[in-house]
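A.B. asks: I'm passing along coords06.txt; it holds compact mmCIF, C-alpha atoms.
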```
# COMPACT_ATOMS: atom_id res chain seq x y z
CA MET A 1 162.58 231.60 148.79
CA ALA A 2 161.64 228.20 147.50
CA LYS A 3 158.49 226.61 148.70
CA LEU A 4 158.75 223.47 150.77
CA GLY A 5 156.46 221.67 148.34
CA ASN A 6 158.77 222.44 145.43
CA ILE A 7 161.71 220.92 147.29
CA PHE A 8 159.78 217.72 147.81
CA ASN A 9 158.82 217.75 144.13
CA LYS A 10 162.48 218.11 143.11
CA GLU A 11 163.49 215.23 145.35
CA GLU A 12 160.73 213.17 143.85
CA ILE A 13 161.97 214.01 140.34
CA LYS A 14 165.53 213.08 141.35
CA LYS A 15 164.38 209.70 142.60
CA GLU A 16 162.55 209.09 139.35
CA GLU A 17 165.67 209.93 137.34
CA GLN A 18 167.76 207.53 139.40
CA HIS A 19 165.22 204.75 138.96
CA PRO A 20 163.45 205.50 135.67
CA ARG A 21 160.14 203.85 135.11
CA ARG A 22 160.16 201.16 132.44
CA ILE A 23 157.87 202.02 129.59
CA ILE A 24 156.29 199.13 127.73
CA LYS A 25 156.05 199.55 123.98
CA TRP A 26 153.87 197.30 121.82
CA ILE A 27 155.83 196.27 118.72
CA HIS A 28 154.71 194.19 115.73
CA TYR A 29 156.52 190.87 115.51
CA SER A 30 157.74 191.67 111.97
CA LYS A 31 159.74 194.61 113.37
CA LEU A 32 161.59 192.43 115.87
CA LYS A 33 164.87 191.00 114.55
CA GLU A 34 166.85 188.01 115.77
CA ASN A 35 170.01 188.79 117.72
CA VAL A 36 173.18 187.33 116.19
CA GLU A 37 174.47 186.84 119.74
CA GLN A 38 171.67 184.38 120.48
CA TYR A 39 173.03 180.83 120.75
CA CYS A 40 170.08 178.99 122.29
CA PRO A 41 167.56 178.58 119.47
CA ALA A 42 164.47 176.43 119.85
CA ARG A 43 165.38 172.75 119.79
CA ASP A 44 162.53 171.95 117.40
CA LYS A 45 159.20 173.28 116.17
CA GLU A 46 157.33 171.34 118.86
CA GLU A 47 158.92 173.56 121.50
CA ILE A 48 157.60 176.70 119.75
CA GLU A 49 154.16 175.13 119.24
CA SER A 50 153.94 174.26 122.95
CA LEU A 51 154.80 177.86 123.87
CA ALA A 52 152.23 179.14 121.34
CA ASP A 53 149.55 176.92 122.93
CA LEU A 54 150.41 178.37 126.33
CA ILE A 55 150.23 181.99 125.08
CA GLN A 56 146.93 181.29 123.30
CA ALA A 57 145.45 179.72 126.42
CA THR A 58 146.60 182.67 128.56
CA GLY A 59 145.34 185.22 126.02
CA GLU A 60 148.52 187.32 126.04
CA VAL A 61 152.29 187.35 126.39
CA ILE A 62 152.70 187.73 130.14
CA GLU A 63 156.46 188.40 130.25
CA ASN A 64 157.75 191.44 128.37
CA LEU A 65 160.45 191.13 125.73
CA SER A 66 163.72 193.02 126.15
CA VAL A 67 164.87 194.81 122.98
CA SER A 68 167.27 197.48 121.76
CA LYS A 69 166.67 199.95 118.93
CA LEU A 70 168.17 199.20 115.51
CA ASP A 71 166.69 201.66 113.00
CA THR A 72 163.71 203.96 112.98
CA ASP A 73 161.12 201.23 113.32
CA GLU A 74 163.16 198.04 113.88
CA TYR A 75 164.39 196.49 117.11
CA LYS A 76 166.86 193.78 118.06
CA ILE A 77 165.72 191.16 120.55
CA ILE A 78 167.82 190.78 123.70
CA ALA A 79 165.49 188.39 125.52
CA GLY A 80 162.29 186.80 124.17
CA HIS A 81 163.27 185.12 120.91
CA LYS A 82 161.00 182.12 121.43
CA ARG A 83 158.05 184.27 122.49
CA CYS A 84 158.38 186.23 119.26
CA GLN A 85 158.50 183.00 117.22
CA ALA A 86 155.43 181.66 119.06
CA CYS A 87 153.41 184.82 118.31
CA LYS A 88 154.49 184.68 114.67
CA LEU A 89 153.19 181.09 114.52
CA LEU A 90 149.86 182.13 116.11
CA VAL A 91 149.34 184.87 113.51
CA GLU A 92 150.66 183.22 110.34
CA GLU A 93 149.62 179.59 110.90
CA ARG A 94 146.55 179.91 113.14
CA GLY A 95 145.25 183.29 111.93
CA LEU A 96 145.15 184.83 115.44
CA LYS A 97 146.06 188.43 114.58
CA GLU A 98 145.50 189.66 118.15
CA PHE A 99 148.94 188.23 118.99
CA ALA A 100 150.74 190.25 116.28
CA PHE A 101 151.96 192.90 118.77
CA LEU A 102 154.23 191.97 121.67
CA PRO A 103 154.95 193.94 124.86
CA CYS A 104 158.59 195.12 124.78
CA ILE A 105 160.91 197.14 126.98
CA VAL A 106 163.36 199.18 124.91
CA ASN A 107 166.83 199.27 126.48
CA ASN A 108 169.58 201.75 125.73
CA VAL A 109 172.68 199.74 126.64
CA SER A 110 176.22 199.28 125.32
CA ALA A 111 177.17 196.37 123.08
CA VAL A 112 178.98 194.68 125.98
CA GLN A 113 175.96 195.02 128.26
CA GLU A 114 173.72 193.73 125.50
CA SER A 115 175.88 190.62 124.96
CA PHE A 116 175.90 189.94 128.67
CA ARG A 117 172.12 190.30 128.88
CA VAL A 118 171.67 187.79 126.05
CA MET A 119 173.73 185.28 128.02
CA ALA A 120 171.87 186.11 131.22
CA SER A 121 168.51 185.55 129.51
CA ASN A 122 169.62 182.06 128.54
CA GLY A 123 170.51 181.16 132.10
CA TYR A 124 166.97 180.13 132.98
CA HIS A 125 166.84 176.89 131.04
CA THR A 126 168.92 173.74 130.96
CA LYS A 127 171.77 174.33 128.55
CA LYS A 128 173.02 171.89 125.98
CA PRO A 129 176.81 171.31 125.95
CA TYR A 130 177.13 173.39 122.78
CA GLU A 131 175.29 176.30 124.39
CA LEU A 132 177.52 176.18 127.46
CA MET A 133 180.61 176.13 125.24
CA HIS A 134 179.31 179.16 123.33
CA GLU A 135 178.60 180.98 126.57
CA ILE A 136 182.14 180.33 127.85
CA THR A 137 183.61 181.54 124.55
CA GLU A 138 181.56 184.74 124.55
CA MET A 139 182.30 185.45 128.20
CA GLU A 140 186.02 185.01 127.53
CA LYS A 141 185.76 187.51 124.69
CA LEU A 142 184.03 190.07 126.94
CA LEU A 143 186.52 189.60 129.77
CA ARG A 144 189.43 189.97 127.38
CA GLU A 145 188.17 192.97 125.37
CA HIS A 146 186.19 194.87 128.03
CA PRO A 147 187.63 194.05 131.47
CA GLU A 148 186.55 197.49 132.77
CA GLU A 149 182.91 196.36 132.62
CA PHE A 150 183.54 193.73 135.30
CA PRO A 151 184.47 193.82 139.00
CA PRO A 152 188.21 194.23 139.83
CA SER A 153 188.45 190.58 140.90
CA LEU A 154 187.64 189.50 137.32
CA GLN A 155 189.91 191.97 135.53
CA LYS A 156 193.24 190.21 136.19
CA GLY A 157 194.61 186.70 136.48
CA ARG A 158 194.51 183.57 134.36
CA MET A 159 191.54 183.49 132.02
CA VAL A 160 190.56 179.97 133.11
CA GLU A 161 190.41 181.14 136.74
CA ARG A 162 188.37 184.21 135.85
CA LEU A 163 185.89 182.24 133.75
CA SER A 164 185.56 179.60 136.44
CA LYS A 165 184.82 182.24 139.07
CA LYS A 166 182.40 184.23 136.90
CA MET A 167 180.38 181.28 135.63
CA GLY A 168 180.63 178.93 138.59
CA ILE A 169 182.15 176.12 136.51
CA ALA A 170 185.12 173.91 137.38
CA ARG A 171 188.43 174.95 135.79
CA ALA A 172 188.87 171.55 134.14
CA THR A 173 185.44 171.88 132.52
CA VAL A 174 186.27 175.37 131.25
CA GLN A 175 189.51 174.07 129.69
CA GLU A 176 187.69 171.20 127.99
CA TYR A 177 185.14 173.53 126.41
CA GLN A 178 187.94 175.85 125.31
CA GLN A 179 189.63 172.94 123.52
CA ILE A 180 186.38 172.08 121.75
CA SER A 181 185.76 175.69 120.75
CA ARG A 182 189.27 176.23 119.38
CA ASN A 183 190.04 172.89 117.72
CA LEU A 184 186.81 171.25 116.55
CA LEU A 185 186.30 171.43 112.78
CA PRO A 186 183.18 173.25 111.47
CA GLU A 187 181.65 169.98 110.20
CA ALA A 188 182.02 168.39 113.62
CA MET A 189 180.93 171.59 115.39
CA GLU A 190 177.65 171.54 113.46
CA LYS A 191 176.96 167.99 114.65
CA PHE A 192 177.87 169.04 118.18
CA LYS A 193 175.43 171.94 117.93
CA GLU A 194 172.64 169.66 116.71
CA GLY A 195 173.30 167.20 119.53
CA GLU A 196 174.49 164.41 117.24
CA ILE A 197 177.85 164.40 119.02
CA GLU A 198 178.04 164.41 122.81
CA LYS A 199 180.53 166.51 124.75
CA SER A 200 182.92 163.60 125.46
CA ALA A 201 183.02 162.69 121.75
CA ALA A 202 183.49 166.35 120.77
CA LEU A 203 186.43 166.64 123.17
CA THR A 204 188.09 163.48 121.82
CA LEU A 205 187.61 164.75 118.26
CA ALA A 206 189.02 168.18 119.13
CA ARG A 207 192.22 166.52 120.31
CA LEU A 208 192.74 164.79 116.95
CA PRO A 209 194.59 166.28 113.95
CA GLU A 210 192.33 167.95 111.37
CA LYS A 211 192.82 165.20 108.78
CA MET A 212 191.81 162.57 111.31
CA GLN A 213 188.75 164.59 112.35
CA LYS A 214 187.61 164.75 108.73
CA LYS A 215 187.98 161.00 108.28
CA VAL A 216 186.00 160.31 111.46
CA ILE A 217 183.16 162.61 110.36
CA GLU A 218 183.15 161.21 106.81
CA GLN A 219 182.77 157.69 108.18
CA GLY A 220 179.84 158.78 110.36
CA ILE A 221 181.53 157.89 113.65
CA THR A 222 179.83 159.84 116.45
CA LYS A 223 180.13 157.74 119.63
CA ASN A 224 183.08 158.49 121.89
CA VAL A 225 183.97 154.82 122.36
CA ASP A 226 184.14 154.35 118.57
CA ILE A 227 186.22 157.50 118.13
CA GLU A 228 188.66 156.28 120.80
CA GLU A 229 188.95 152.92 119.05
CA TYR A 230 189.57 154.62 115.69
CA LYS A 231 192.15 156.87 117.31
CA GLN A 232 194.00 153.94 118.85
CA LYS A 233 194.19 152.09 115.53
CA ASN A 234 195.26 155.07 113.43
CA LEU A 235 197.26 157.28 115.78
CA GLU A 236 199.63 154.70 117.23
CA PRO A 237 203.11 154.13 115.79
CA GLY A 238 203.30 151.29 113.27
CA ALA A 239 205.58 148.28 113.15
CA VAL A 240 208.40 150.06 111.28
CA GLU A 241 208.40 153.01 113.69
CA ILE A 242 208.43 150.73 116.73
CA ARG A 243 211.32 148.66 115.34
CA VAL A 244 213.37 151.75 114.54
CA SER A 245 212.75 153.15 118.03
CA TYR A 246 213.72 149.77 119.50
CA ARG A 247 217.20 150.21 118.07
CA LEU A 248 217.54 153.99 118.54
CA LEU A 249 216.69 153.76 122.24
CA GLY A 250 219.06 150.83 122.76
CA ILE A 251 216.36 148.47 123.95
CA ASP A 252 218.07 145.66 122.05
CA GLU A 253 221.01 146.03 124.46
CA TYR A 254 218.60 146.01 127.41
CA ASP A 255 217.08 142.75 126.16
CA ARG A 256 220.51 141.13 125.89
CA SER A 257 221.40 142.08 129.45
CA THR A 258 218.20 141.08 131.22
CA VAL A 259 215.97 138.05 131.49
CA SER A 260 212.57 139.80 131.18
CA ARG A 261 210.92 143.13 130.34
CA LYS A 262 209.09 143.50 133.63
CA ALA A 263 211.12 146.57 134.61
CA LEU A 264 211.39 148.05 131.10
CA VAL A 265 208.78 150.79 131.63
CA LYS A 266 210.57 152.04 134.74
CA PHE A 267 213.92 151.85 132.95
CA LEU A 268 212.69 153.88 129.94
CA LYS A 269 211.01 156.54 132.09
CA GLY A 270 214.15 156.96 134.17
CA ARG A 271 216.59 157.00 131.28
CA TYR A 272 214.65 158.98 128.66
CA GLY A 273 211.45 160.41 130.16
CA SER A 274 213.08 162.39 132.97
CA THR A 275 215.58 164.02 130.58
CA SER A 276 213.11 164.94 127.78
CA TYR A 277 215.29 162.91 125.42
CA GLU A 278 215.00 163.47 121.65
CA ILE A 279 216.47 161.58 118.71
CA SER A 280 215.65 161.12 115.03
CA GLN A 281 216.52 159.02 112.01
CA GLY A 282 215.27 160.08 108.60
CA GLU A 283 211.58 160.96 108.90
CA ILE A 284 211.17 159.20 112.24
CA ARG A 285 211.55 161.58 115.17
CA ILE A 286 211.32 160.49 118.80
CA SER A 287 210.76 162.72 121.82
CA CYS A 288 210.21 161.55 125.39
CA SER A 289 208.52 162.84 128.54
CA ASP A 290 207.71 161.39 131.95
CA LYS A 291 204.36 160.03 130.78
CA ASN A 292 204.59 159.61 127.01
CA ILE A 293 206.83 158.81 124.09
CA ILE A 294 206.08 160.59 120.81
CA ILE A 295 207.14 158.79 117.63
CA SER A 296 206.57 160.73 114.39
CA GLU A 297 203.96 162.95 116.13
CA LYS A 298 202.11 159.90 117.48
CA SER A 299 201.92 160.04 121.26
CA ILE A 300 201.45 156.94 123.44
CA THR A 301 202.12 156.12 127.07
CA TRP A 302 205.26 154.21 128.06
CA GLU A 303 203.10 151.29 129.15
CA ARG A 304 201.47 151.15 125.71
CA TYR A 305 204.88 151.49 124.04
CA VAL A 306 206.23 148.42 125.84
CA ALA A 307 203.07 146.52 124.85
CA LEU A 308 203.75 147.43 121.21
CA LEU A 309 207.38 146.34 121.64
CA ASP A 310 206.13 142.93 122.77
CA GLN A 311 203.97 142.82 119.65
CA TYR A 312 206.49 143.99 117.03
CA CYS A 313 209.85 143.25 118.70
CA PRO A 314 209.22 140.19 120.89
CA LYS A 315 212.05 139.34 123.24
CA GLU A 316 213.68 135.98 122.61
CA GLU A 317 213.14 133.77 125.60
CA LYS A 318 216.34 133.41 127.53
CA GLU A 319 216.97 130.62 129.99
CA GLU A 320 217.82 131.70 133.46
CA PRO A 321 221.47 131.11 134.54
CA GLU A 322 220.52 128.34 136.96
CA LEU A 323 218.85 126.34 134.19
CA VAL A 324 221.87 126.77 131.92
CA GLU A 325 224.25 125.52 134.64
CA ARG A 326 222.00 122.56 135.32
CA ARG A 327 222.02 121.65 131.62
CA GLU A 328 225.83 121.84 131.51
CA GLU A 329 225.97 119.45 134.44
CA GLN A 330 223.66 117.05 132.65
CA ARG A 331 225.93 117.09 129.61
CA ASP A 332 228.76 115.78 131.77
CA MET A 333 226.97 112.46 131.74
CA VAL A 334 226.80 110.56 128.42
CA PRO A 335 223.65 108.45 128.14
CA GLU A 336 223.88 104.91 126.91
CA ILE A 337 223.32 104.73 123.16
CA GLU A 338 220.44 102.44 122.40
CA THR A 339 220.87 100.26 119.36
CA GLU A 340 217.15 99.92 118.80
CA GLU A 341 215.48 102.37 116.50
CA THR A 342 213.50 105.18 118.16
CA ASP A 343 210.85 107.57 116.92
CA CYS A 344 213.10 110.63 117.18
CA LYS A 345 212.57 112.94 114.25
CA GLU A 346 215.56 114.48 112.60
CA PRO A 347 215.31 118.28 112.37
CA ALA A 348 214.10 119.62 109.04
CA GLY A 349 217.19 121.79 108.64
CA LYS A 350 220.59 121.73 110.23
CA SER A 351 221.22 124.28 112.93
CA ASP A 352 224.20 126.61 112.91
CA ARG A 353 225.94 124.26 115.25
CA GLU A 354 225.45 121.27 112.93
CA ILE A 355 226.68 123.16 109.90
CA SER A 356 229.85 124.18 111.69
CA VAL A 357 230.91 120.63 112.61
CA PRO A 358 234.63 120.53 111.60
CA MET A 359 234.56 117.26 109.68
CA ASP A 360 237.94 117.98 108.06
CA GLU A 361 239.49 118.31 111.47
CA LEU A 362 237.99 114.99 112.48
CA VAL A 363 239.61 113.33 109.47
CA GLU A 364 242.96 114.86 110.23
CA GLU A 365 242.67 114.03 113.90
CA GLY A 366 241.87 110.41 113.04
CA ARG A 367 245.04 109.96 111.00
CA GLU A 368 247.55 111.62 113.29
CA GLU A 369 248.94 110.29 116.48
CA THR A 370 248.55 112.06 119.77
CA ALA A 371 251.40 111.42 122.21
CA GLY A 372 252.24 108.17 120.40
CA LEU A 373 248.63 106.95 120.35
CA THR A 374 246.38 106.23 117.41
CA ARG A 375 242.97 107.87 117.33
CA GLN A 376 241.34 104.62 118.45
CA GLU A 377 243.81 104.23 121.32
CA TYR A 378 243.37 107.87 122.25
CA MET A 379 239.57 107.59 122.29
CA ASN A 380 239.81 104.39 124.33
CA SER A 381 241.93 106.22 126.88
CA LEU A 382 239.26 108.86 127.55
CA ASP A 383 236.84 108.51 130.43
CA ILE A 384 233.10 109.14 130.13
CA LYS A 385 233.32 112.80 131.12
CA GLU A 386 236.05 113.53 128.57
CA VAL A 387 234.16 111.74 125.80
CA SER A 388 231.01 113.69 126.65
CA SER A 389 232.86 116.97 126.51
CA TYR A 390 234.44 116.04 123.18
CA ILE A 391 231.13 115.06 121.57
CA SER A 392 229.20 118.06 122.90
CA HIS A 393 231.48 120.40 120.95
CA PHE A 394 230.52 118.86 117.63
CA LEU A 395 226.84 117.98 118.02
CA SER A 396 223.78 120.20 118.00
CA GLU A 397 221.40 120.35 120.93
CA GLU A 398 218.74 118.51 118.93
CA ILE A 399 221.04 115.51 118.26
CA LEU A 400 222.29 115.36 121.84
CA ARG A 401 218.71 114.92 123.02
CA CYS A 402 218.14 111.84 120.83
CA PRO A 403 220.33 108.70 121.23
CA ALA A 404 219.31 107.38 117.79
CA LEU A 405 220.66 110.51 116.11
CA ILE A 406 223.92 110.26 118.07
CA GLU A 407 224.31 106.67 116.85
CA LYS A 408 223.64 107.74 113.26
CA TRP A 409 226.21 110.51 113.56
CA LEU A 410 228.84 108.12 114.89
CA LYS A 411 228.22 105.64 112.06
CA ASP A 412 228.58 108.43 109.50
CA CYS A 413 231.81 109.73 111.00
CA VAL A 414 233.62 106.65 112.44
CA ASN A 415 234.05 103.11 111.13
CA GLU A 416 233.88 99.94 113.22
CA GLU A 417 237.60 100.18 114.03
CA GLY A 418 237.20 103.67 115.46
CA GLN A 419 238.80 105.45 112.51
CA SER A 420 237.15 108.50 110.93
CA VAL A 421 235.44 107.84 107.63
```
What is this structure when it is put down as structure tokens?
C.D. replies:
Amino acid sequence: MAKLGNIFNKEEIKKEEQHPRRIIKWIHYSKLKENVEQYCPARDKEEIESLADLIQATGEVIENLSVSKLDTDEYKIIAGHKRCQACKLLVEERGLKEFAFLPCIVNNVSAVQESFRVMASNGYHTKKPYELMHEITEMEKLLREHPEEFPPSLQKGRMVERLSKKMGIARATVQEYQQISRNLLPEAMEKFKEGEIEKSAALTLARLPEKMQKKVIEQGITKNVDIEEYKQKNLEPGAVEIRVSYRLLGIDEYDRSTVSRKALVKFLKGRYGSTSYEISQGEIRISCSDKNIIISEKSITWERYVALLDQYCPKEEKEEPELVERREEQRDMVPEIETEETDCKEPAGKSDREISVPMDELVEEGREETAGLTRQEYMNSLDIKEVSSYISHFLSEEILRCPALIEKWLKDCVNEEGQSV
């Protein structure tokens, strides 16, 4: 029969097995190796020197390092990278050998648990954007490759939702960091890591084609506002592309049928955007959506597209119908022709209307009789309205506006007896 004391001893042993006591092991700093999973290095040497001053003033490393075994006498740091660097500085630069050994707790954990602990150890300081991006990327990798290590609520569903829930970050923020992680070129990523490029600039860069990213980095552009300006100048369709699209989308017909372009954006969205319309000519390919039009892989909003149309394909100003009717009424009245010279300037070149004046017909008309009347008699028989209508068919708008030019035209075409010259 077992003694009661032995039973208590067994229970005590069981409790100790369930909650094993952590054993601190003193390890020389040279045996502690950096963890490749670590993504929050010291920002500069001053940070390590400040920590070394604090350890020297205290006389010891108060907080234990967390490590895992590598080889026989080497260990990989899980938490405590900066403490190890500070002790190394105290020994090698200040000659304080008493700080050569650091208190460490050796953990026997899986690779997944180790990666998670590295991230957890970095959660106690303010993260830089690059560090947060790295943390999101690593957490995504763990959730994707080892879902069984996480609670059931994090094992299924959209990755963005799972990351947002696990890390307490907005979904939109998670998506932005994913874009940066997946699309930013290594050269730009290095600048992002060093803090030379802010998160907003990194996101704008990540959304650019690789060739454009390289050009931006080569030119030393790091501010988001400057990157946006560069993007607008180099990623928008050019004059040729806009003019081709103007014809392919039938906007020339729209311009002929309307007075202004005020409703053009609404018209284009309704006609092409809602139907995901696509068309191409040669190397120029156009595809449309509700918000954007993409011309040769260059995406712009419909509002911006119409602004570019105004720049490269300006609409010819068209008089409103009321003004045209009013002008026709004014032409019914023939102004008195002043004999005195005026300062009217003759146009530099003849308009189409002037060139098409049928002078031969005037000559023929002057020599034939109309209903038994000579040309002079016929002209004398016309009233003012009929004369005005007759003249308006053969004179340009510029001449009709200037009495002196009308007089000159009459002298060139008709002699004093009313016969054509």
A.B. asks: Rounded to one decimal, what separation in Å do you get between atom CA of Arg207 of chain A and atom CA of Thr173 of chain A?
C.D. replies: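 Answer for the atom CA of Arg207 of chain A to atom CA of Thr173 of chain A separation: 15.0 Å.
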A.B. asks: What separation in Å, quoted to one decimal, exists between atom CA of Ser68 of chain A and atom CA of Glu194 of chain A?
C.D. replies: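 Separating atom CA of Ser68 of chain A from atom CA of Glu194 of chain A is a distance of 28.8 Å.
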A.B. asks: Point out the residue among A:Phe192, A:Tyr312, A:Tyr254, A:Phe267 with the least atom-to-atom distance to Met133 of chain A, counting only C-alpha atoms.
C.D. replies: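 For Met133 of chain A, the nearest of the given residues is A:Phe192.
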A.B. asks: Of the candidates A:Tyr75, A:Tyr29, A:Trp302, A:Tyr130, which one gets nearest to Tyr272 of chain A if we count only C-alpha atoms?
C.D. replies: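 Among the listed residues, A:Trp302 lies closest to Tyr272 of chain A.
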A.B. asks: Report, in Å with one decimal, the straight-line distance from atom CA of Arg247 of chain A to atom CA of Leu235 of chain A.
C.D. replies: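 Pair atom CA of Arg247 of chain A / atom CA of Leu235 of chain A returns 21.3 Å.
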A.B. asks: Write out as number ranges by chain the residues lying within 10 Å of Val61 of chain A, counting only C-alpha atoms and excluding same-chain residues fewer than 6 positions away.
C.D. replies: A: 52, 54-55, 83-84, 86-87, 99, 101-103
A.B. asks: Name all residues at most 9 Å from Leu203 of chain A (count only C-alpha atoms; drop same-chain ones fewer than 6 positions away) and give them as a PDB file with C-alpha atoms, in the frame of the given file.
C.D. replies:
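Ended up saving to out12.pdb:
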```
ATOM      1  CA  GLU A 176     187.690 171.200 127.990  1.00  0.00           C
ATOM      2  CA  TYR A 177     185.140 173.530 126.410  1.00  0.00           C
ATOM      3  CA  GLN A 179     189.630 172.940 123.520  1.00  0.00           C
ATOM      4  CA  ILE A 180     186.380 172.080 121.750  1.00  0.00           C
ATOM      5  CA  LEU A 184     186.810 171.250 116.550  1.00  0.00           C
ATOM      6  CA  ASN A 224     183.080 158.490 121.890  1.00  0.00           C
TER       7      ASN A 224
END
```
A.B. asks: Counting only C-alpha atoms, figure out which residue out of A:Lys199, A:Lys214, A:Lys266, A:Lys166 gets nearest to Glu187 of chain A.
C.D. replies: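 That would be A:Lys214, the residue with the smallest distance to Glu187 of chain A.
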A.B. asks: Show me as a ChimeraX atom specification the residues that reach within 7 Å of (209.5, 157.9, 115.0), counting all atoms listed in the file and using the file's own coordinates.
C.D. replies: /A:241,245,280,284-286,295-296
A.B. asks: Between A:Thr275, A:Thr258, A:Pro237, A:Gln281, which residue has the minimum interatomic distance to Arg304 of chain A, considering all atoms listed in the file?
C.D. replies: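 Answer, going by the shortest atom-to-atom distance: A:Pro237.
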A.B. asks: Could you list, as a short mmCIF file (atom, residue, chain, number, x, y, z; two decimals) with C-alpha atoms, in the frame of the given file, every residue within 12 Å of Pro147 of chain A, counting all atoms listed in the file and ignoring same-chain residues fewer than 6 positions away?
C.D. replies:
```cif
data_model
loop_
_atom_site.label_atom_id
_atom_site.label_comp_id
_atom_site.auth_asym_id
_atom_site.auth_seq_id
_atom_site.Cartn_x
_atom_site.Cartn_y
_atom_site.Cartn_z
CA VAL A 112 178.98 194.68 125.98
CA MET A 139 182.30 185.45 128.20
CA GLU A 140 186.02 185.01 127.53
CA LYS A 141 185.76 187.51 124.69
CA SER A 153 188.45 190.58 140.90
CA LEU A 154 187.64 189.50 137.32
CA GLN A 155 189.91 191.97 135.53
CA LYS A 156 193.24 190.21 136.19
CA GLY A 157 194.61 186.70 136.48
CA MET A 159 191.54 183.49 132.02
CA ARG A 162 188.37 184.21 135.85
#
```
A.B. asks: Excluding Pro209 of chain A and any residue of its chain fewer than 6 positions from it, enumerate the residues within 12 Å of it, using all atoms listed in the file, and give them as an MDAnalysis selection string.
C.D. replies: chainID A and resid 183:185 215:216 231 234:235 297:298
A.B. asks: So which one's closest to Glu161 of chain A, A:Leu143, A:Trp26, A:Leu309, A:Glu148? Using all atoms listed in the file, please.
C.D. replies: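 Using all atoms listed in the file, Glu161 of chain A sits closest to A:Leu143.
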A.B. asks: From the set A:Lys223, A:Ala100, A:Arg271, A:Arg261, which residue has the shortest atom-to-atom contact distance to Cys313 of chain A, counting all atoms listed in the file?
C.D. replies: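 For Cys313 of chain A, the nearest of the candidates is A:Arg261.
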